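See below for entry_36.txt, which holds compact mmCIF, C-alpha atoms and all ligand atoms.
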# COMPACT_ATOMS: atom_id res chain seq x y z
CA MET A 5 92.67 87.08 111.45
CA ARG A 6 91.49 89.71 108.96
CA ILE A 7 92.90 93.24 109.07
CA LEU A 8 91.74 96.46 107.42
CA GLY A 9 94.60 98.76 106.35
CA ILE A 10 94.17 102.51 105.81
CA GLU A 11 96.74 104.81 104.17
CA THR A 12 96.31 108.60 103.93
CA SER A 13 99.79 110.01 104.61
CA CYS A 14 100.25 112.09 101.46
CA ASP A 15 98.47 112.22 98.09
CA GLU A 16 97.12 108.68 97.78
CA THR A 17 94.07 107.40 99.62
CA ALA A 18 94.27 103.62 99.98
CA ALA A 19 92.58 100.75 101.78
CA ALA A 20 93.12 97.00 101.81
CA ILE A 21 92.04 93.81 103.55
CA TYR A 22 94.77 91.33 104.54
CA ASP A 23 93.84 87.91 105.89
CA HIS A 24 96.50 86.08 107.88
CA ASP A 25 95.51 82.70 106.40
CA ARG A 26 94.47 83.67 102.90
CA GLY A 27 96.76 86.62 102.15
CA LEU A 28 95.71 89.86 100.49
CA LEU A 29 91.97 89.77 99.73
CA ALA A 30 91.38 93.25 98.28
CA HIS A 31 93.11 96.56 97.88
CA SER A 32 92.29 99.87 96.29
CA VAL A 33 94.25 103.09 95.74
CA TYR A 34 92.94 106.48 94.70
CA SER A 35 95.64 108.87 93.45
CA GLN A 36 95.15 112.61 93.93
CA ALA A 37 97.69 113.37 91.17
CA ALA A 38 95.13 115.13 88.95
CA LEU A 39 94.01 117.31 91.88
CA HIS A 40 97.53 118.57 92.61
CA SER A 41 98.99 118.69 89.09
CA ALA A 42 97.79 122.26 88.43
CA TYR A 43 99.95 123.38 91.38
CA GLY A 44 103.05 121.37 90.43
CA GLY A 45 103.11 119.55 93.79
CA VAL A 46 101.01 118.37 96.72
CA VAL A 47 98.83 121.06 98.37
CA PRO A 48 98.39 119.73 101.94
CA GLU A 49 94.96 121.26 102.62
CA LEU A 50 93.54 119.92 99.34
CA ALA A 51 95.04 116.52 100.14
CA SER A 52 93.32 116.39 103.56
CA ARG A 53 89.94 117.40 102.12
CA ASP A 54 90.16 114.79 99.40
CA HIS A 55 91.09 112.05 101.90
CA ILE A 56 87.88 112.97 103.78
CA ARG A 57 85.89 112.41 100.57
CA LYS A 58 87.61 109.19 99.47
CA THR A 59 88.56 107.11 102.52
CA LEU A 60 85.15 105.70 103.53
CA PRO A 61 84.11 104.80 99.94
CA LEU A 62 87.44 102.99 99.48
CA ILE A 63 86.96 101.08 102.75
CA ARG A 64 83.46 100.09 101.60
CA ARG A 65 84.88 98.93 98.28
CA VAL A 66 87.56 96.65 99.77
CA MET A 67 85.06 95.29 102.32
CA ASN A 68 82.68 94.39 99.45
CA GLU A 69 85.41 93.01 97.17
CA SER A 70 86.75 90.76 99.92
CA GLY A 71 83.24 89.68 100.94
CA SER A 72 83.87 90.99 104.47
CA SER A 73 81.32 92.35 106.90
CA SER A 74 82.37 94.36 109.95
CA LYS A 75 82.18 91.14 112.03
CA ASP A 76 84.93 89.56 109.89
CA ILE A 77 87.44 92.32 110.67
CA SER A 78 89.64 91.62 113.72
CA GLY A 79 91.78 94.75 113.67
CA ILE A 80 92.78 97.91 111.83
CA GLY A 81 96.23 99.17 110.85
CA TYR A 82 96.42 102.85 109.90
CA THR A 83 99.31 105.03 108.77
CA SER A 84 100.11 107.18 111.76
CA GLY A 85 103.19 108.86 110.25
CA PRO A 86 105.41 110.20 108.90
CA GLY A 87 103.46 112.39 106.48
CA LEU A 88 101.25 115.47 106.20
CA ILE A 89 99.55 116.15 109.54
CA GLY A 90 96.08 116.91 108.13
CA ALA A 91 96.18 113.93 105.79
CA LEU A 92 97.32 111.60 108.59
CA LEU A 93 94.58 112.86 110.92
CA VAL A 94 91.89 111.83 108.44
CA GLY A 95 93.01 108.18 108.28
CA ALA A 96 93.82 108.02 112.00
CA SER A 97 90.41 109.43 113.03
CA ILE A 98 88.49 107.11 110.72
CA ALA A 99 90.53 104.08 111.86
CA ARG A 100 90.05 104.89 115.54
CA SER A 101 86.33 105.55 115.13
CA LEU A 102 85.70 102.31 113.23
CA ALA A 103 87.74 100.34 115.77
CA TRP A 104 85.69 101.86 118.58
CA ALA A 105 82.40 101.10 116.84
CA TRP A 106 83.45 97.55 115.97
CA GLN A 107 85.16 96.96 119.32
CA ILE A 108 88.43 95.81 117.78
CA PRO A 109 92.05 96.98 118.15
CA ALA A 110 93.59 99.61 115.89
CA VAL A 111 97.37 100.02 115.66
CA ALA A 112 99.45 102.95 114.46
CA VAL A 113 101.62 101.86 111.51
CA HIS A 114 104.83 103.60 110.45
CA HIS A 115 104.56 104.38 106.72
CA MET A 116 108.19 103.39 106.03
CA GLU A 117 107.78 100.11 107.92
CA GLY A 118 104.85 99.50 105.60
CA HIS A 119 107.13 100.09 102.61
CA LEU A 120 109.89 97.86 103.92
CA LEU A 121 107.50 94.99 104.63
CA ALA A 122 105.74 95.29 101.23
CA PRO A 123 107.88 92.52 99.62
CA MET A 124 106.39 90.16 102.25
CA LEU A 125 103.17 90.25 100.21
CA GLU A 126 104.92 88.46 97.33
CA ALA A 127 105.20 84.69 96.84
CA ASN A 128 109.01 84.75 97.27
CA ALA A 129 109.06 86.82 100.47
CA PRO A 130 112.50 87.55 101.97
CA GLN A 131 113.55 86.06 105.30
CA LEU A 132 114.91 88.24 108.09
CA PRO A 133 117.46 89.71 108.57
CA PHE A 134 117.95 91.82 105.43
CA LEU A 135 119.27 95.14 104.22
CA ALA A 136 116.52 97.55 103.08
CA LEU A 137 116.96 100.39 100.62
CA LEU A 138 113.93 102.64 101.12
CA VAL A 139 113.59 105.24 98.40
CA SER A 140 110.43 107.34 98.46
CA GLY A 141 109.37 110.94 97.98
CA GLY A 142 110.23 111.83 101.58
CA HIS A 143 112.97 109.37 102.55
CA THR A 144 116.16 107.71 101.37
CA LEU A 145 117.23 105.15 103.95
CA LEU A 146 119.57 102.19 104.17
CA VAL A 147 118.33 100.06 107.05
CA ASN A 148 119.64 96.94 108.70
CA VAL A 149 116.40 95.08 109.40
CA HIS A 150 117.17 92.66 112.24
CA ALA A 151 113.50 91.94 113.00
CA VAL A 152 110.13 93.65 112.57
CA GLY A 153 110.54 96.79 114.66
CA ARG A 154 114.29 96.37 115.23
CA TYR A 155 115.84 98.73 112.73
CA HIS A 156 119.33 100.15 112.57
CA ILE A 157 119.65 103.08 110.17
CA LEU A 158 122.98 102.78 108.34
CA GLY A 159 122.59 105.77 106.05
CA GLN A 160 120.11 108.43 105.00
CA SER A 161 119.72 111.48 102.83
CA LEU A 162 121.15 114.66 104.30
CA ASP A 163 118.95 116.82 102.04
CA ASP A 164 116.52 115.85 99.25
CA ALA A 165 115.16 112.31 99.22
CA ALA A 166 115.72 110.35 95.99
CA GLY A 167 112.06 110.72 94.91
CA GLU A 168 112.09 114.42 95.79
CA ALA A 169 115.20 114.88 93.60
CA PHE A 170 113.39 113.10 90.74
CA ASP A 171 110.34 115.34 91.20
CA LYS A 172 112.30 118.62 91.40
CA THR A 173 114.55 117.72 88.46
CA ALA A 174 111.49 116.74 86.41
CA LYS A 175 110.13 120.24 87.00
CA LEU A 176 113.38 121.75 85.67
CA LEU A 177 112.93 119.59 82.56
CA GLY A 178 109.42 120.99 82.09
CA LEU A 179 107.65 117.76 83.06
CA ASP A 180 104.32 117.63 84.86
CA TYR A 181 103.74 116.46 88.42
CA PRO A 182 104.20 113.69 89.51
CA GLY A 183 107.67 114.06 88.05
CA GLY A 184 109.46 110.81 88.94
CA PRO A 185 107.69 108.46 86.51
CA ALA A 186 107.64 111.18 83.80
CA LEU A 187 111.41 111.72 84.14
CA ALA A 188 111.98 107.95 83.95
CA ARG A 189 109.94 107.79 80.72
CA LEU A 190 111.94 110.65 79.20
CA ALA A 191 115.24 109.09 80.33
CA SER A 192 114.35 105.87 78.51
CA THR A 193 114.73 107.75 75.20
CA GLY A 194 117.98 109.44 76.28
CA HIS A 195 121.54 108.32 75.56
CA SER A 196 123.79 107.40 78.45
CA GLY A 197 127.08 109.28 78.57
CA LYS A 198 126.05 112.39 76.59
CA PHE A 199 126.32 114.31 79.86
CA ARG A 200 128.30 113.24 82.90
CA PHE A 201 126.76 114.00 86.30
CA PRO A 202 128.53 113.53 89.67
CA ARG A 203 127.83 110.57 92.01
CA PRO A 204 127.40 112.55 95.26
CA MET A 205 129.20 111.43 98.42
CA THR A 206 130.62 108.27 96.86
CA ASP A 207 134.19 109.58 97.02
CA ARG A 208 134.31 109.29 100.83
CA PRO A 209 133.45 106.56 103.32
CA GLY A 210 129.95 106.34 104.77
CA LEU A 211 126.44 105.44 103.73
CA ASP A 212 124.65 108.80 103.75
CA PHE A 213 123.25 110.39 100.60
CA SER A 214 122.91 113.89 99.21
CA PHE A 215 120.84 114.42 96.08
CA SER A 216 120.09 118.15 96.07
CA GLY A 217 123.34 118.94 94.19
CA LEU A 218 122.16 116.83 91.23
CA LYS A 219 119.18 119.13 90.83
CA THR A 220 121.50 122.15 90.71
CA PHE A 221 123.79 120.28 88.31
CA THR A 222 120.78 119.69 86.04
CA TYR A 223 119.84 123.38 86.20
CA ASN A 224 123.37 124.46 85.28
CA THR A 225 123.58 121.88 82.47
CA LEU A 226 120.29 123.14 81.01
CA GLN A 227 121.61 126.73 81.02
CA THR A 228 124.40 125.78 78.64
CA THR A 229 122.51 123.29 76.43
CA THR A 230 120.24 123.72 73.43
CA LYS A 231 116.94 122.43 74.75
CA ASP A 232 115.80 120.21 71.88
CA SER A 233 113.84 117.10 72.84
CA GLN A 234 116.79 114.71 72.44
CA ALA A 235 119.04 116.90 74.61
CA LEU A 236 116.37 116.99 77.35
CA ALA A 237 116.10 113.19 77.19
CA ASP A 238 119.91 112.91 77.41
CA VAL A 239 119.96 115.17 80.49
CA ALA A 240 117.15 113.11 82.10
CA ARG A 241 119.17 109.96 81.38
CA ALA A 242 122.35 111.47 82.89
CA PHE A 243 120.42 112.44 86.04
CA GLN A 244 118.84 108.98 86.37
CA ASP A 245 122.20 107.26 85.74
CA ALA A 246 123.72 109.36 88.55
CA VAL A 247 120.95 108.55 91.07
CA VAL A 248 120.92 104.85 90.20
CA ASP A 249 124.74 104.54 90.30
CA THR A 250 124.89 106.34 93.65
CA LEU A 251 122.22 104.09 95.18
CA VAL A 252 123.95 100.98 93.83
CA ILE A 253 127.38 102.04 95.14
CA LYS A 254 125.94 102.64 98.63
CA CYS A 255 123.99 99.36 98.62
CA ARG A 256 127.13 97.44 97.64
CA ARG A 257 129.03 99.17 100.45
CA ALA A 258 126.30 98.44 103.02
CA LEU A 259 126.10 94.78 101.99
CA LYS A 260 129.85 94.46 102.36
CA GLU A 261 129.87 96.17 105.78
CA THR A 262 126.99 94.13 107.20
CA GLY A 263 127.66 90.83 105.44
CA LEU A 264 123.91 90.57 104.73
CA LYS A 265 122.92 88.39 101.78
CA ARG A 266 119.43 89.74 101.15
CA LEU A 267 118.48 93.21 99.89
CA VAL A 268 114.94 94.58 99.90
CA VAL A 269 114.19 97.63 97.76
CA ALA A 270 110.96 99.53 98.41
CA GLY A 271 109.28 102.93 98.11
CA GLY A 272 108.14 104.85 95.02
CA VAL A 273 111.59 105.09 93.38
CA GLY A 274 111.76 101.29 93.68
CA ALA A 275 109.34 101.31 90.71
CA ASN A 276 112.16 102.72 88.54
CA GLN A 277 113.05 100.09 85.93
CA GLN A 278 116.69 101.12 85.56
CA LEU A 279 117.18 100.91 89.34
CA ARG A 280 115.49 97.50 89.48
CA ILE A 281 117.59 96.07 86.63
CA THR A 282 120.89 97.51 87.91
CA LEU A 283 120.33 96.28 91.47
CA MET A 284 119.39 92.82 90.19
CA GLU A 285 122.66 92.73 88.22
CA MET A 286 124.59 93.84 91.31
CA GLY A 287 122.85 91.12 93.36
CA ASN A 288 123.74 88.44 90.81
CA ALA A 289 127.39 89.54 90.81
CA LEU A 290 127.61 89.54 94.63
CA GLY A 291 125.53 86.42 95.33
CA VAL A 292 122.91 88.58 97.06
CA GLN A 293 119.20 87.92 96.62
CA VAL A 294 117.35 91.15 95.71
CA TYR A 295 113.64 91.55 96.49
CA PHE A 296 111.17 94.15 95.22
CA PRO A 297 107.46 94.52 95.84
CA ARG A 298 105.37 94.30 92.67
CA MET A 299 105.28 97.70 90.92
CA GLU A 300 101.93 98.85 92.34
CA PHE A 301 103.15 98.13 95.89
CA CYS A 302 106.33 100.22 95.46
CA THR A 303 104.32 103.43 95.54
CA ASP A 304 101.89 104.19 98.36
CA ASN A 305 99.18 101.58 98.91
CA GLY A 306 96.93 100.15 101.61
CA ALA A 307 98.13 96.55 101.27
CA MET A 308 101.49 97.26 102.92
CA ILE A 309 99.74 99.05 105.81
CA ALA A 310 97.24 96.20 106.29
CA TYR A 311 100.15 93.72 106.27
CA ALA A 312 102.29 95.72 108.74
CA GLY A 313 99.20 96.21 110.94
CA SER A 314 98.47 92.48 110.88
CA VAL A 315 102.04 91.58 111.92
CA ARG A 316 101.85 94.01 114.84
CA ILE A 317 98.35 92.98 115.95
CA MET A 318 99.27 89.27 115.69
CA ALA A 319 102.28 90.00 117.92
CA GLY A 320 99.94 91.45 120.52
CA GLN A 321 100.61 95.16 120.03
CA CYS A 322 97.76 97.08 121.60
CA ASP A 323 97.59 100.87 121.33
CA ASN A 324 95.47 103.07 123.59
CA LEU A 325 92.49 105.03 122.23
CA GLU A 326 94.53 108.08 121.27
CA ILE A 327 94.25 109.27 117.65
CA GLN A 328 97.94 109.19 116.77
CA ALA A 329 99.24 111.33 113.90
CA ARG A 330 103.01 111.86 113.78
CA PRO A 331 104.28 114.01 110.89
CA ARG A 332 107.85 113.22 111.96
CA TRP A 333 108.62 109.76 113.27
CA SER A 334 111.85 107.80 113.08
CA LEU A 335 111.84 104.08 112.28
CA THR A 336 114.22 103.61 115.21
CA GLU A 337 111.49 104.66 117.69
CA LEU A 338 109.31 101.66 116.83
CA GLN A 339 108.47 98.88 119.22
CA ASP A 340 110.46 95.69 118.55
CA ILE A 341 107.62 93.20 118.36
CA THR A 342 109.93 90.23 118.73
CA ALA A 343 111.12 91.49 122.12
CA GLY A 344 107.93 90.12 123.78
O1 LIG B 401 106.57 105.82 98.23
P1 LIG B 401 105.89 106.89 97.47
O2 LIG B 401 104.69 106.52 96.64
O3 LIG B 401 105.41 108.04 98.41
C1 LIG B 401 106.15 108.47 99.52
O4 LIG B 401 106.10 107.78 100.57
O5 LIG B 401 106.84 109.49 99.34
O6 LIG B 401 107.00 107.57 96.56
C2 LIG B 401 106.70 108.61 95.70
C3 LIG B 401 107.98 109.04 95.01
C4 LIG B 401 107.79 110.30 94.19
O7 LIG B 401 108.85 111.17 94.46
C5 LIG B 401 107.82 109.78 92.76
O8 LIG B 401 108.27 110.75 91.84
C6 LIG B 401 108.77 108.61 92.87
O9 LIG B 401 108.44 108.02 94.10
N1 LIG B 401 108.62 107.65 91.77
C7 LIG B 401 109.58 107.38 90.87
C8 LIG B 401 109.03 106.43 89.96
N2 LIG B 401 107.75 106.16 90.36
C9 LIG B 401 107.52 106.91 91.47
N3 LIG B 401 110.83 107.85 90.74
C10 LIG B 401 111.58 107.37 89.72
N4 LIG B 401 111.13 106.47 88.81
C11 LIG B 401 109.88 105.98 88.89
N5 LIG B 401 109.45 105.08 87.99
ZN ZN B 402 105.40 106.07 100.64
Here is the file; what I need is its structure written in the form of structure tokens.
Amino acid sequence: MRILGIETSCDETAAAIYDHDRGLLAHSVYSQAALHSAYGGVVPELASRDHIRKTLPLIRRVMNESGSSSKDISGIGYTSGPGLIGALLVGASIARSLAWAWQIPAVAVHHMEGHLLAPMLEANAPQLPFLALLVSGGHTLLVNVHAVGRYHILGQSLDDAAGEAFDKTAKLLGLDYPGGPALARLASTGHSGKFRFPRPMTDRPGLDFSFSGLKTFTYNTLQTTTKDSQALADVARAFQDAVVDTLVIKCRRALKETGLKRLVVAGGVGANQQLRITLMEMGNALGVQVYFPRMEFCTDNGAMIAYAGSVRIMAGQCDNLEIQARPRWSLTELQDITAG
């Protein structure tokens, strides 16, 4: 069974072809970063218009690269939410129209389910159940993944998501959009311990997060610091140390509470090298296996949507003909596909 995946939830247009027997056959991502950089963030209307321009050419490309004709495609998975409504509508409308024309099923895929299943595309895929740390631009979630579609949210961000905190703090440091990777690069030249930032909400029980205070802490630190390039790098490092430490503390706590022995880390911030290394070290110390998608599948991509779509279509999920775009959509509302 060969599935086309379509992702248009935010500022990346992506498509991929996943074959149940042969694995991932082709994938392609177009980033709108250059389009939005002049504005310092994503402009929703520009994002939607660009998805309209890019989605069909990307689908054509992955069809050609995988040697697929329309007759080879048995189903379509498209990101139905959460995300920007206009951007989602582009992918959803194209997916539904192609499925109608080709007389095949199309299923609505939850973007964060796509992220959490992304490590399944790797050779050493994790077995269920596992704990998932999902850290993207819009979400910070600790999820007990019992089965595909059976998710129990253990903790989440009460304000800014981890990626959002990276992006906003990068702006304070004078870095260009997209800020997360730029802040990580600057932090790599900074010295740990020059500035000491708080580890929010780690001094009380619970698994929720709050990152917006770190942004304010950065602002206040910059007010009282000479802004030479080394000092800026040291501040970036202190911020990154604080986010990474906080995520690690909460993961350790969640692993202890659930007794789970596998941890999956996914979403854009999962591309952060310091986070990857520190979580691997934590896993080694606790006897917990830690899984990451390859770097390019941490950030938004079509492969994870094609994979999630294929799992749901294989399990017999069949959506009606409605074009479904859900800007807000909780993981806990998903259909448990193992329930039969
Ligand atoms: O998963 P993703 O591509 O899109 C969403 O679903 O939001 O995540 C994007 C987020 C952005 O906030 C970006 O700044 C952050 O991930 N990000 C990083 C790194 N690479 C991407 N944050 C920290 N370090 C990185 N290396
Ligand atoms: Zn994402």
| task | Identify, counting only C-alpha atoms and all ligand atoms, the protein, DNA and RNA residues located within 9 Å of ligand ZN 402 (chain B), and give them as an NGL selection string. | result | :A and (13-14 or 87 or 115-116 or 118-119 or 139-143 or 270-272 or 302-305)
| Residue with smallest distance to A:Gly71 - pool A:Ile21, A:Gln160, A:Leu283, A:Asp249, counting only C-alpha atoms |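 Residue with the minimum atom-to-atom distance to A:Gly71: A:Ile21.
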| Pairwise distance for atom CA of A:Leu121 and atom C8 of ligand LIG 401 (chain B), rounded to one decimal in Å |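 Calculated distance between atom CA of A:Leu121 and atom C8 of ligand LIG 401 (chain B) is 18.7 Å.
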| Residue nearest A:Ala343 - candidates A:Arg154, A:Lys172, A:Arg65, A:Arg6, atoms counted: all atoms listed in the file | A:Arg154
| request: Mind giving me the straight-line distance from atom CA of A:Ser161 to atom CA of A:His195 in Å, one decimal? | output: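 Atom-to-atom, atom CA of A:Ser161 and atom CA of A:His195 are spaced 27.5 Å apart.
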| field | Nearest residue to A:Asp76 from the set A:Met5, A:Ile89, A:Ala30, A:Ile157 (distances using all atoms listed in the file) | value |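 Distance minimum relative to A:Asp76 lands on A:Met5.
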| Of the residues A:Leu137, A:Leu251, A:Ala246, A:Leu187, which is the one nearest to ligand LIG 401 (chain B), using only C-alpha atoms and all ligand atoms? | A:Leu187
| said: I need the residue nearest ligand LIG 401 (chain B) from this list: A:Glu69, A:Asp232, A:Glu300, A:Glu49. Use all atoms listed in the file for the distance. | reply: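 Between A:Glu69, A:Asp232, A:Glu300, A:Glu49, the residue approaching ligand LIG 401 (chain B) most closely is A:Glu300.
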| field | Polymer residues at most 12 Å from A:Ser192, only C-alpha atoms, same-chain spacing of 6 or more positions, as a ChimeraX atom specification | value | /A:185-186,234,236-245,276-278
| Residue with smallest distance to A:Arg57 - pool A:Ala127, A:Ile10, A:Val94, A:Leu259, counting only C-alpha atoms |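 Smallest separation from A:Arg57 among the options: A:Val94.
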| Polymer residues at most 8 Å from stretch 307-309 of chain A, all atoms listed in the file, same-chain spacing of 5 or more positions, as a PyMOL selection string | chain A and resi 9-11+19-22+28+31+81-83+113+115+118-119+121-122+125+301
| Distance query A:Thr206 at most 9 Å, all atoms listed in the file, self and fewer than 5 positions along chain excluded, as a count of residues only | 5
| message | Give me, as a VMD selection string, all polymer residues having an atom no more than 12 Å from A:Ile281, counting all atoms listed in the file and skipping those fewer than 2 positions away in the same chain. | response | chain A and resid 248 to 249 252 269 274 to 279 283 to 288 294 to 296
Near-stretch 262-267 of chain A list (6 Å; all atoms listed in the file; drop same-chain fewer than 4 positions) as a tab-separated table (two decimals) with C-alpha atoms, in the frame of the given file:
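Output (out-v4.tsv):
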chain	number	residue	atom	x	y	z
A	134	PHE	CA	117.95	91.82	105.43
A	135	LEU	CA	119.27	95.14	104.22
A	136	ALA	CA	116.52	97.55	103.08
A	292	VAL	CA	122.91	88.58	97.06
A	293	GLN	CA	119.20	87.92	96.62
A	294	VAL	CA	117.35	91.15	95.71
| query | Distance atom CA of A:Lys198-atom CA of A:Ala235, one decimal place? | reply |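 Distance reported for this atom pair: 8.6 Å.
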| request: Neighbourhood query: residues within 12 Å of (116.3, 114.9, 94.7), file coordinates, counting all atoms listed in the file; return as an MDAnalysis selection string. | output: chainID A and resid 139:144 161:176 183:184 204 213:222 243:244 246:248 273
Dump as a tab-separated table the rows for residues of stretch 83-183 of chain A within 12 Å of stretch 320-326 of chain A: closest atom pair and distance in Å with one decimal, all atoms listed in the file counted, ordered by chain and rising residue number.
residue	atom	partner	partner_atom	distance
A:Ser84	CA	A:Glu326	CA	11.1
A:Leu93	CA	A:Glu326	CA	11.4
A:Ala96	CA	A:Glu326	CA	9.3
A:Ser97	CA	A:Glu326	CA	9.3
A:Ala99	CA	A:Leu325	CA	10.6
A:Arg100	CA	A:Leu325	CA	7.1
A:Ser101	CA	A:Leu325	CA	9.4
A:Leu102	CA	A:Leu325	CA	11.6
A:Ala103	CA	A:Leu325	CA	9.3
A:Trp104	CA	A:Leu325	CA	8.3
A:Gln107	CA	A:Leu325	CA	11.3
A:Ile108	CA	A:Cys322	CA	10.2
A:Pro109	CA	A:Cys322	CA	6.7
A:Ala110	CA	A:Asp323	CA	6.9
A:Val111	CA	A:Asp323	CA	5.7
A:Ala112	CA	A:Asp323	CA	7.4
A:Val113	CA	A:Asp323	CA	10.7
A:Gly153	CA	A:Gln321	CA	11.4
Rebuild stretch 101-114 of chain A so that it carries N, CA, C and O atoms, then output the result as a PDB file, in the frame of the given file.
ATOM      1  N   SER A 101      87.787 105.541 114.959  1.00  0.00           N
ATOM      2  CA  SER A 101      86.330 105.550 115.130  1.00  0.00           C
ATOM      3  C   SER A 101      85.740 104.191 114.757  1.00  0.00           C
ATOM      4  O   SER A 101      84.874 103.661 115.459  1.00  0.00           O
ATOM      5  N   LEU A 102      86.207 103.624 113.637  1.00  0.00           N
ATOM      6  CA  LEU A 102      85.700 102.310 113.230  1.00  0.00           C
ATOM      7  C   LEU A 102      86.057 101.256 114.269  1.00  0.00           C
ATOM      8  O   LEU A 102      85.240 100.400 114.618  1.00  0.00           O
ATOM      9  N   ALA A 103      87.292 101.330 114.779  1.00  0.00           N
ATOM     10  CA  ALA A 103      87.740 100.340 115.770  1.00  0.00           C
ATOM     11  C   ALA A 103      86.887 100.432 117.036  1.00  0.00           C
ATOM     12  O   ALA A 103      86.529  99.420 117.648  1.00  0.00           O
ATOM     13  N   TRP A 104      86.541 101.650 117.399  1.00  0.00           N
ATOM     14  CA  TRP A 104      85.690 101.860 118.580  1.00  0.00           C
ATOM     15  C   TRP A 104      84.302 101.272 118.329  1.00  0.00           C
ATOM     16  O   TRP A 104      83.752 100.544 119.151  1.00  0.00           O
ATOM     17  N   ALA A 105      83.755 101.580 117.162  1.00  0.00           N
ATOM     18  CA  ALA A 105      82.400 101.100 116.840  1.00  0.00           C
ATOM     19  C   ALA A 105      82.370  99.577 116.736  1.00  0.00           C
ATOM     20  O   ALA A 105      81.406  98.948 117.162  1.00  0.00           O
ATOM     21  N   TRP A 106      83.418  99.007 116.182  1.00  0.00           N
ATOM     22  CA  TRP A 106      83.450  97.550 115.970  1.00  0.00           C
ATOM     23  C   TRP A 106      84.061  96.793 117.150  1.00  0.00           C
ATOM     24  O   TRP A 106      84.154  95.574 117.126  1.00  0.00           O
ATOM     25  N   GLN A 107      84.541  97.558 118.120  1.00  0.00           N
ATOM     26  CA  GLN A 107      85.160  96.960 119.320  1.00  0.00           C
ATOM     27  C   GLN A 107      86.324  96.030 118.974  1.00  0.00           C
ATOM     28  O   GLN A 107      86.384  94.870 119.407  1.00  0.00           O
ATOM     29  N   ILE A 108      87.229  96.557 118.160  1.00  0.00           N
ATOM     30  CA  ILE A 108      88.430  95.810 117.780  1.00  0.00           C
ATOM     31  C   ILE A 108      89.654  96.701 117.971  1.00  0.00           C
ATOM     32  O   ILE A 108      89.511  97.920 118.076  1.00  0.00           O
ATOM     33  N   PRO A 109      90.869  96.129 117.991  1.00  0.00           N
ATOM     34  CA  PRO A 109      92.050  96.980 118.150  1.00  0.00           C
ATOM     35  C   PRO A 109      92.404  97.732 116.854  1.00  0.00           C
ATOM     36  O   PRO A 109      92.110  97.244 115.763  1.00  0.00           O
ATOM     37  N   ALA A 110      93.018  98.896 117.038  1.00  0.00           N
ATOM     38  CA  ALA A 110      93.590  99.610 115.890  1.00  0.00           C
ATOM     39  C   ALA A 110      95.021  99.936 116.264  1.00  0.00           C
ATOM     40  O   ALA A 110      95.292 100.353 117.391  1.00  0.00           O
ATOM     41  N   VAL A 111      95.971  99.698 115.346  1.00  0.00           N
ATOM     42  CA  VAL A 111      97.370 100.020 115.660  1.00  0.00           C
ATOM     43  C   VAL A 111      97.909 101.047 114.686  1.00  0.00           C
ATOM     44  O   VAL A 111      97.575 101.058 113.500  1.00  0.00           O
ATOM     45  N   ALA A 112      98.776 101.918 115.241  1.00  0.00           N
ATOM     46  CA  ALA A 112      99.450 102.950 114.460  1.00  0.00           C
ATOM     47  C   ALA A 112     100.575 102.284 113.669  1.00  0.00           C
ATOM     48  O   ALA A 112     101.428 101.624 114.257  1.00  0.00           O
ATOM     49  N   VAL A 113     100.571 102.456 112.352  1.00  0.00           N
ATOM     50  CA  VAL A 113     101.620 101.860 111.510  1.00  0.00           C
ATOM     51  C   VAL A 113     102.532 102.963 110.988  1.00  0.00           C
ATOM     52  O   VAL A 113     102.072 104.035 110.592  1.00  0.00           O
ATOM     53  N   HIS A 114     103.837 102.681 111.015  1.00  0.00           N
ATOM     54  CA  HIS A 114     104.830 103.600 110.450  1.00  0.00           C
ATOM     55  C   HIS A 114     104.861 103.383 108.939  1.00  0.00           C
ATOM     56  O   HIS A 114     105.044 102.256 108.472  1.00  0.00           O
TER      57      HIS A 114
END
